[in-house]
Structure formats: C-alpha cells, structure tokens
Amino acid sequence: MVTRLYTHPIYLEHLTPAGHPERPDRLRALGKVLDDHAFDGLDRVQAPMGDEATILYAHPETYLERVRMTIPQQGLTRVDSDTTVSPKSWEAALTAIGAANAAVDDVFSGKADNVFVASRPPGHHAERDRAMGFCLFNNAAIAARHAQKAHGIARVAIVDWDVHHGNGTQDIFWEDSSVLYCSTHQMPLYPGSGAKSETGVGNIVNAPLDPDTGSEHFREAFNTRILPSLDAFQPELIIVSAGFDAHHRDPLAEINLNEDDFDWATGKLMERAGSYASNRLVSLLEGGYDLKGMSLSAGAHIKRLMEG
C-alpha cells in the first residue's frame with residue numbers, strides 16, 4: 001500500500017485564543033509521533049493551495065464571502081463562541097481544502113492507495129451556510145463533491161468517528177442520496193444532532209454512543225450500523241472524518257476508546273475500500289484535543305493505512 005501524507009506549515013498559523021482546545025500544538029504533537037522510523041515509508045507531500053471555486057461545491061458564494069470578510073488584518077476575530085480566525089486562517093482553510101481535493105485526485109490517479117491529511121482548521125461542523133465548532137469550511141463535503149465532479153463517480157461514503165456529530169456534513173448531504181454519511185458520536189453532546197431518527201433520504205446513518213461507554217459499544221455500532229450500510233451502498237470512494245476525541249484521555253467528551261479501536265476501525269474501512277473502491281480511501285483530521293491521545297491514535301490509524 002502507498003500511503004501519502006499531506007500537511008503544511010501554514011496550518012500552524014491558524015491561531016486560536018490561549019487555552020483553546022483546537023490549537024497548533026495538535027499538529028506538532030502528531031508530527032513528533034510521525035518522526036518514528038515506523039513511518040519512514042510515508043509518502044510525505046506539502047499540501048497545495050486549494051481552488052476557491054471548489055468551496056462552492058458545498059457552500060454558497062455569499063457564505064464564502066462572509067467568511068472571507070471575517071479574517072482580521074491582525075489579532076483574532078470570533079466567528080461564533082467557539083470558532084476564531086486570525087490573519088492566516090483563510091490561507092490555512094484554503095490549503096486544507098486543497099489537500100483534501102489533492103488526496104482525492106491521488107487515489108484516483110494511482111499515486112497513492114490512501115491518503116491522510118493532517119490539516120487545520122477541521123471541517124465537519126461547518127454547515128452549508130454556517131461556521132461553527134472550530135470549523136469554517138466542510139473539507140470532507142467539498143472533497144466528496146470534487147470526487148464526483150472531477151472523477152465521475154456516483155457514490156461516495158463519508159464515515160465520521162469524531163466524538164462530536166458532524167452536523168455540517170449531515171446538513172450538506174441531507175437530501176443527496178449519492179453521498180452516504182455514517183457517524184459514531186457521543187450523545188448527548190455538542191452540537192446536539194445525530195439521533196438515529198435523523199436519516200435524510202435514507203443516506204444518513206447515525207450511531208450515537210452513550211457517555212462513559214467504550215470499545216465494545218463503538219465496535220458494536222460499527223458492526224451493526226456502519227459496516228452494513230457501507231456494504232449496501234458499495235461506495236466508490238471512502239472519506240474518513242477522522243477525529244480522535246473519542247479517546248479516553250480527551251477532555252471534551254466521555255467515550256473511552258484507545259488506539260487499538262482506531263486501528264480496528266481503520267482496518268474495517270480498508271476492507272470495504274478494497275471490496276468496492278479499488279482501495280481508495282482519504283482520511284481527513286478532524287478533532288482530538290488531548291495531545292497524547294490524539295497523536296497516538298492518529299499514528300495507529302496511519303500505520304494501519306500503511307500496512308493494508
């Protein structure tokens with residue numbers, strides 16, 4: 001398996017207030033884990049700047065311009081109570097989109113079997129016309145649309161195991177049967193969406209987890225809801241919204257997963273990618289706010305991508 005890694009120094013320049021959980025140190029911690037010789041085989045590539053026009057795949061132009069206008073010349077500006085932008089945030093967000101779309105291109109061109117994108121800001125809370133939850137633009141949604149438009153495929157699956165429900169991705173694809181959205185997440189928890197009854201046009205599969213549960217319930221949700229849905233849908237590409245805040249160390253939630261759970265889930269998704277999508281899998285970093293828990297879990301995920 002050829003596994004490509006995209007990242008870029010600009011992601012460190014998207015600044016947040018002191019004490020904010022979504023901080024540049026997240027990528028620094030992951031970088032230290034990936035310095036280990038176990039990751040020597042990673043194909044490391046600097047992320048490209050994205051095309052602004054691709055933002056319109058998931059968001060209206062009025063929203064794009066509204067976000068652009070919030071970017072300050074200096075200091076920090078709050079978009080909402082949780083979401084902050086700084087002078088380099090536009091460039092960082094556009095480079096996160098560029099990396100996600102380039103990853104899609106790579107798995108279709110054969111340059112890589114799978115790709116991990118270590119970027120900031122994250123994306124899965126960004127609704128069609130609303131920034132929230134640390135997110136400006138929905139990277140996974142834009143990448144899914146890019147795959148359909150640039151590579152002519154009919155079916156994309158987005159699997160989201162961030163501990164917070166990806167309300168933005170669900171919002172964007174609520175009435176679109178060409179994209180399957182599957183999510184495991186703690187409930188109740190921010191942002192308050194993600195009930196089993198939320199099904200879109202049959203393309204939304206939510207598997208909420210009770211607080212203070214762990215591996216057994218997470219794996220049961222995968223085995224009984226997520227994987228059967230993938231088998232029925234037979235996606236031509238799998239995109240992972242890879243948040244690692246369901247780790248037991250994470251301060252923002254109460255799900256007790258460990259690195260082995262993310263390794264296991266990665267393997268299950270790779271099996272489906274092998275069966276239906278010629279191994280094509282793109283993984284995008286979302287949440288994960290304990291530096292050790294996030295970086296070790298992401299490392300286990302990437303190692304499994306490399307091993308096949």
# chains A, B, ... in the order shown; residues from 1 in each chain; ligands from 1
>>> select_by_dssp(residues="range 237-290 of chain A", states="alpha helix (DSSP H)", output="PyMOL selection string")
chain A and resi 259-276
>>> residues_around(residues="Pro251 in chain A", least_positions_apart="3", cutoff="9 Å", atoms="only C-alpha atoms", output="PyMOL selection string")
chain A and resi 21+245+248+254+289-290
>>> write_last_selection(atoms="N, CA and C atoms", output="mmCIF file, in the first residue's frame")
data_model
loop_
_atom_site.group_PDB
_atom_site.id
_atom_site.type_symbol
_atom_site.label_atom_id
_atom_site.label_comp_id
_atom_site.auth_asym_id
_atom_site.auth_seq_id
_atom_site.Cartn_x
_atom_site.Cartn_y
_atom_site.Cartn_z
ATOM 1 N N PRO A 21 -8.930 24.496 22.766
ATOM 2 C CA PRO A 21 -8.542 23.096 22.512
ATOM 3 C C PRO A 21 -8.035 22.849 21.089
ATOM 4 N N ASP A 245 -11.121 12.383 19.246
ATOM 5 C CA ASP A 245 -11.558 12.856 20.556
ATOM 6 C C ASP A 245 -12.483 11.885 21.274
ATOM 7 N N HIS A 248 -10.042 7.962 25.395
ATOM 8 C CA HIS A 248 -10.392 8.088 26.816
ATOM 9 C C HIS A 248 -9.700 9.261 27.497
ATOM 10 N N GLU A 254 -16.719 11.916 26.784
ATOM 11 C CA GLU A 254 -16.709 10.844 27.782
ATOM 12 C C GLU A 254 -16.868 9.482 27.143
ATOM 13 N N TYR A 289 -8.270 16.417 21.174
ATOM 14 C CA TYR A 289 -7.769 17.592 21.889
ATOM 15 C C TYR A 289 -6.847 17.271 23.053
ATOM 16 N N ASP A 290 -6.697 16.025 23.397
ATOM 17 C CA ASP A 290 -5.598 15.622 24.262
ATOM 18 C C ASP A 290 -4.426 15.285 23.357
#
>>> atom_distance(atom1="CA of Ser81 in chain A", atom2="CA of Asp210 in chain A")
25.7 Å
>>> residues_around(residues="Ser89 in chain A", least_positions_apart="4", cutoff="10 Å", atoms="only C-alpha atoms", output="list in words")
Ile10, Tyr11, Leu12, Glu13, His14, Leu15, Thr16, Arg68, Thr70, Ile71, Pro72, Leu76, Thr84, Val85, Ala93, Leu94, Thr95, Arg120, Pro121 and Leu136 of chain A
>>> residues_around(residues="Ser295 in chain A", least_positions_apart="4", cutoff="10 Å", atoms="only C-alpha atoms", output="short mmCIF file (atom, residue, chain, number, x, y, z; two decimals) with all heavy atoms, in the first residue's frame")
data_model
loop_
_atom_site.label_atom_id
_atom_site.label_comp_id
_atom_site.auth_asym_id
_atom_site.auth_seq_id
_atom_site.Cartn_x
_atom_site.Cartn_y
_atom_site.Cartn_z
N ARG A 26 -1.57 20.64 18.29
CA ARG A 26 -2.12 19.34 17.88
C ARG A 26 -1.28 18.76 16.73
O ARG A 26 -0.93 17.57 16.74
CB ARG A 26 -3.57 19.48 17.44
CG ARG A 26 -4.51 19.97 18.53
CD ARG A 26 -5.93 20.19 18.01
NE ARG A 26 -6.50 18.94 17.55
CZ ARG A 26 -7.04 18.74 16.36
NH1 ARG A 26 -7.09 19.73 15.45
NH2 ARG A 26 -7.56 17.57 16.03
N LEU A 27 -0.96 19.58 15.75
CA LEU A 27 -0.18 19.08 14.62
C LEU A 27 1.28 18.89 15.00
O LEU A 27 1.94 17.99 14.47
CB LEU A 27 -0.30 20.03 13.42
CG LEU A 27 -1.67 20.11 12.77
CD1 LEU A 27 -1.57 20.86 11.45
CD2 LEU A 27 -2.28 18.74 12.55
N ARG A 28 1.78 19.70 15.90
CA ARG A 28 3.17 19.49 16.36
C ARG A 28 3.29 18.14 17.07
O ARG A 28 4.27 17.41 16.88
CB ARG A 28 3.58 20.63 17.29
CG ARG A 28 3.66 21.99 16.60
CD ARG A 28 4.27 23.04 17.52
NE ARG A 28 4.32 24.33 16.86
CZ ARG A 28 3.47 25.34 17.11
NH1 ARG A 28 2.51 25.19 18.02
NH2 ARG A 28 3.59 26.49 16.47
N ALA A 29 2.30 17.80 17.90
CA ALA A 29 2.33 16.52 18.62
C ALA A 29 2.25 15.36 17.64
O ALA A 29 2.98 14.36 17.78
CB ALA A 29 1.18 16.46 19.62
N LEU A 30 1.39 15.47 16.63
CA LEU A 30 1.30 14.41 15.64
C LEU A 30 2.60 14.29 14.86
O LEU A 30 3.06 13.18 14.57
CB LEU A 30 0.14 14.68 14.69
CG LEU A 30 -0.04 13.69 13.53
CD1 LEU A 30 -0.18 12.27 14.03
CD2 LEU A 30 -1.24 14.08 12.67
N GLY A 31 3.22 15.41 14.54
CA GLY A 31 4.48 15.38 13.82
C GLY A 31 5.56 14.62 14.57
O GLY A 31 6.36 13.89 13.97
N LYS A 32 5.59 14.77 15.89
CA LYS A 32 6.58 14.04 16.69
C LYS A 32 6.35 12.54 16.61
O LYS A 32 7.31 11.76 16.52
CB LYS A 32 6.53 14.52 18.14
CG LYS A 32 7.05 15.94 18.33
CD LYS A 32 6.96 16.38 19.78
CE LYS A 32 7.47 17.80 19.96
NZ LYS A 32 7.32 18.26 21.38
N VAL A 33 5.09 12.10 16.66
CA VAL A 33 4.79 10.68 16.53
C VAL A 33 5.24 10.16 15.16
O VAL A 33 5.82 9.08 15.04
CB VAL A 33 3.28 10.43 16.75
CG1 VAL A 33 2.90 9.01 16.33
CG2 VAL A 33 2.92 10.66 18.21
N LEU A 34 5.00 10.95 14.13
CA LEU A 34 5.31 10.51 12.76
C LEU A 34 6.80 10.58 12.45
O LEU A 34 7.22 10.12 11.38
CB LEU A 34 4.51 11.33 11.75
CG LEU A 34 2.99 11.20 11.86
CD1 LEU A 34 2.31 12.03 10.78
CD2 LEU A 34 2.55 9.74 11.77
N PHE A 244 -10.19 12.16 16.71
CA PHE A 244 -9.67 11.21 17.69
C PHE A 244 -10.03 11.64 19.12
O PHE A 244 -9.35 11.26 20.08
CB PHE A 244 -8.17 11.04 17.51
CG PHE A 244 -7.82 10.48 16.15
CD1 PHE A 244 -7.39 11.32 15.13
CD2 PHE A 244 -7.97 9.14 15.87
CE1 PHE A 244 -7.10 10.83 13.86
CE2 PHE A 244 -7.70 8.63 14.61
CZ PHE A 244 -7.25 9.48 13.60
N GLU A 259 -6.13 3.54 21.25
CA GLU A 259 -5.53 3.49 19.91
C GLU A 259 -5.93 2.24 19.15
O GLU A 259 -6.10 2.27 17.92
CB GLU A 259 -4.01 3.56 20.02
CG GLU A 259 -3.46 4.81 20.67
CD GLU A 259 -3.25 4.69 22.17
OE1 GLU A 259 -4.28 4.63 22.89
OE2 GLU A 259 -2.09 4.66 22.62
N GLY A 288 -9.82 15.96 18.28
CA GLY A 288 -8.84 15.26 19.10
C GLY A 288 -8.03 16.28 19.86
O GLY A 288 -7.18 16.95 19.27
N TYR A 289 -8.27 16.42 21.17
CA TYR A 289 -7.77 17.59 21.89
C TYR A 289 -6.85 17.27 23.05
O TYR A 289 -6.29 18.18 23.64
CB TYR A 289 -8.96 18.46 22.32
CG TYR A 289 -9.81 18.77 21.11
CD1 TYR A 289 -11.04 18.14 20.90
CD2 TYR A 289 -9.33 19.62 20.12
CE1 TYR A 289 -11.78 18.39 19.76
CE2 TYR A 289 -10.05 19.87 18.98
CZ TYR A 289 -11.28 19.25 18.79
OH TYR A 289 -12.00 19.47 17.64
N ASP A 290 -6.70 16.02 23.40
CA ASP A 290 -5.60 15.62 24.26
C ASP A 290 -4.43 15.28 23.36
O ASP A 290 -4.54 14.41 22.49
CB ASP A 290 -5.97 14.41 25.12
CG ASP A 290 -4.81 13.93 25.96
OD1 ASP A 290 -4.57 14.52 27.03
OD2 ASP A 290 -4.12 12.99 25.51
N LEU A 291 -3.30 15.97 23.52
CA LEU A 291 -2.22 15.84 22.55
C LEU A 291 -1.69 14.42 22.46
O LEU A 291 -1.44 13.91 21.36
CB LEU A 291 -1.08 16.81 22.90
CG LEU A 291 -1.44 18.30 22.86
CD1 LEU A 291 -0.21 19.15 23.15
CD2 LEU A 291 -2.07 18.69 21.54
N GLY A 299 -1.57 8.17 14.89
CA GLY A 299 -0.45 7.34 14.46
C GLY A 299 -0.87 5.91 14.20
O GLY A 299 -0.45 5.29 13.21
N ALA A 300 -1.71 5.34 15.07
CA ALA A 300 -2.21 3.98 14.86
C ALA A 300 -3.05 3.90 13.59
O ALA A 300 -2.97 2.92 12.83
CB ALA A 300 -3.03 3.54 16.08
N HIS A 301 -3.85 4.90 13.36
CA HIS A 301 -4.68 4.98 12.14
C HIS A 301 -3.80 5.01 10.88
O HIS A 301 -4.02 4.25 9.94
CB HIS A 301 -5.54 6.23 12.26
CG HIS A 301 -6.31 6.62 11.04
ND1 HIS A 301 -7.21 5.78 10.43
CD2 HIS A 301 -6.30 7.78 10.33
CE1 HIS A 301 -7.75 6.42 9.39
NE2 HIS A 301 -7.20 7.60 9.31
#
>>> closest_residue(among="A:Asp212, A:Asp162, A:Glu175, A:Glu198", to="Ser297 in chain A", atoms="only C-alpha atoms")
A:Asp162
